[in-house]
Amino acid sequence: MGKKIKKEVEPPPKDVFDPLTIESKKAATVVLMLNSPEEEILAKACEAIYKFALKGEENKATLLELGAVEPLTKLLTHEDKIVRRNATMIFGILASNNDVKKLLRELDVMNSVIAQLSPEEEVVIHEFASLCLANMSVEYTGKVQIFEHGGLEPLIRLLSSPDPDVKKNSIECIYNLVQDFQCRTALQELNAIPPMLELLKSEYPIIQLLALKTLNVITNDKESRIMLRENQGLDQLIKIIEAKELNDLHVEALAVVANCFEDMETMTLIQQSGGLKKFLSFAENSTIPDIQKNAAKAITKAAYEPENRKLFHELEVEKCLVTLLGSESDGPKIAASQAISAMSENSSSKDFFNTQGIPQLVQLLRSDNEEVREAAALALANLTTCNPVNANAAAEADGIDPLISILSSKRDGAVANAATVLTNMAMQEPLRTSIQSHDIMHALMGPLHSDNPVVQSKAALTVAATACDVEARAELKNCGGLEPLVELLYSKNDEVRRHASWAVMVCAGDELMAVEFCRLGALDILEEINLSVRRKNKFSEAAYNKLLNNNLSLKYSQIGYLSSSNIISDGFYDYGRINPGTKLLPLKELCFQEPSDQRAVLLINSKASDNFSSSPPSMDDKSSEMGYGRSISSSSSLRRASKEKTNFRFSAGFGSPTEEKAEPASGRNTAASRSAAKEKGPRKGRGKKEEEKLKEEEEILAVPKLTGESSDKEWFPPSDPDFCVYVYEVTKSILPITNIKEQIEALAKYVAEKMGGKISKEKLPDFGWELHISELKFQLKSNVIPIGYIKKGIFYHRALLFKALADKIGLGCSLVRGEYGRAWNEVKLQNESRKGATGGLPQPEVYIVDVMFHPGSLLRLQSREADLYRFL
């Protein structure tokens, strides 16, 4: 045998790296290892980073700063299962950090995360991938990305996972996603209701709670409610409510039931199964505020349907709601008040709350919680609408004072509701008087100035309801309430404009108020509104007509018609026709204008100047004519003047005749008056003339200037002594006539006599009335001519005089303006030969009164155009 030779050991290959065990205490080092090509190193690095991230938010932020997120996203699709699993676990933890979520959205890793939800992956990957999506779905952009990358379907599938963590993360993510309407629609198509209902049987309360929260959101849609009902979901919900040990789920279960109550079919199903009665009993007996609140909300939602209200009333839901009003917490009080508001649409329920409910609601009006006050006011608003008994009940419960206090609330809803209740109360006069005694007009100033259209509308309506007498309207004016009402007429909101017009119409019942509204521009804006087909309404038209009826001068100028109910009063003037939108100058301004070639302004004024006694003068006491800046004194009796059939001359006062003497008026007017006295005065002896001259100079000195001292003194319209005589004579001789037709004939003849007598159509061109009017303008130095001064008048002069005198003696007639200086009067008379359709009282017919060609004759009006052509 040969000798053994020792075998030499071969050295290791030069290109193989010897195994090295590294222990690192720095996160940065481990992050660098994420770029290693070795699966084992990647797996261990991921495991270390996962443990590091679990320790807190600061560590997550550190990993973000070290740049760990981007290499980790690449590992989500790694071939090695362990590497992929560990990377997914890290993202499940890291995604709770907002900055990490933002970076993940930018890196667009949603596809990679959703891919981990595939059935082939293990449960651990499902758990952390769904956790990552749940964290990402908190923000809107994350929701969008999950939905757009098809994440909803695998999440629904995972609701049936055997692992509770996977179920919890999946339902939480779905809950976040369904906040968006688009996701809810897709959820219905994916048949998600059955697996969600299965989660209600889970032994984990958090899963049950998330499932109920999700059902609460999706059952806002009718299709989901139908699916819930078809899958017997209502039975499960009722069982949860009945189970005392599940009291932590009762609030959310009630919220889902509340949504389901909106469907009549669901209500019927619950009622037939006895679940509705159980529900109401549960709500009434519960002491948990959130349960009480959700139960009341469920009733509110259901009560919007008439059939549901009927079902509730049969089950005496009103008692339950009254009980909830007495809850110690504000939430149930608010919800119960809202439910009462909804139930008040049922008349029987409305009657029930008259004695039980309204007193409690009035008490809630005094709550420190503004939301409670708003809800209570809403309930009272609905209960008192079209129900005088409930309005009385609210007043008897001392509700007026707190309601008026709420008008100063910062919550617009509370203010609007309180105003509605006060409006409903004000429909009854005793309550309206009580409301007015609480300084309601002052309290409404804030709401009238509100920027909220609903508050503006309700406040204006309250003004319309409460400003029904002179005292209330005066208070409104003194509080400065007219200006905001006029401002509301400019509103673009139809209801605000309508209610503001209503308020203006009510307030314009007083002439002084109507004048003030016109001064503030209400008439102009109402005219503009009524010219618009879209903006006008019945109240704007009524308000406009009401203002015009208290401003007959403007009405006649614009419309050219005064009805028998439009009584001409002193100060009325006929300016002539004006176009819509044209402003009518006030009488005072017209009086101060110089005479021109424009149409004469006809004035009606039976008030004698204070310089006159109650009787007009005789011819012997006639004073000289003067311009409108002068005052003339006279002292004869009206009775003597009427007997002597005298016509005394014009005077106009710009102040009280008892005022101290002022500086002489301008020389122009003085000269004019002297000239007039020379031309018109009767011839007397020289001594008499000197005496009259001295007297005239004293009177001129006694008249204030047109400017200066007179600017602060009260202005009076020019007086018309002749018209005063007309009124006296007509009152004495025509008023006593008992036959209306004879009265009309007598008055027509009287008017014709004072205006130049009977005129034939052929001689009308030679009548010379234009020259007469021009002379009056020159003599009076103004375009304004009192009607009594006109001795040669044609159609429109005579028609106006007839209307003015007829109104003085209560003889009903209208005044109609025609074309080309025409105007006429229309009267209604009973025609005994024309009985009513049923053989009753004679039907009144319209007649035109002739005061020109055949004074006193009447023409029955059949066809206005044909008859007027023949008559005029």
# chains A, B, ... in the order shown; residues from 1 in each chain; ligands from 1
call {"tool": "residues_around", "arguments": {"residues": "segment 796-798 of chain A", "least_positions_apart": "4", "cutoff": "10 Å", "atoms": "only C-alpha atoms", "output": "ChimeraX atom specification"}}
result
/A:574,576,602,748,751-756,787,790-792,802-804,815-818,820-825,850-852
call {"tool": "select_by_dssp", "arguments": {"residues": "segment 525-575 of chain A", "states": "alpha helix (DSSP H)", "output": "PyMOL selection string"}}
result
chain A and resi 525-530+538-549+552-558
call {"tool": "closest_residue", "arguments": {"among": "A:Ser408, A:Gln743, A:Asn98, A:Asn550", "to": "Ala459 of chain A", "atoms": "only C-alpha atoms"}}
result
A:Ser408
call {"tool": "closest_residue", "arguments": {"among": "A:Leu735, A:Ile406, A:Leu587, A:Leu603", "to": "Tyr789 of chain A", "atoms": "only C-alpha atoms"}}
result
A:Leu603
call {"tool": "residues_around", "arguments": {"residues": "Leu422 of chain A", "least_positions_apart": "5", "cutoff": "10 Å", "atoms": "only C-alpha atoms", "output": "number ranges by chain"}}
result
A: 380-381, 384, 391, 394-395, 399-400, 403-404, 417, 427, 431-432, 435, 440, 458-459, 461-463, 465-466
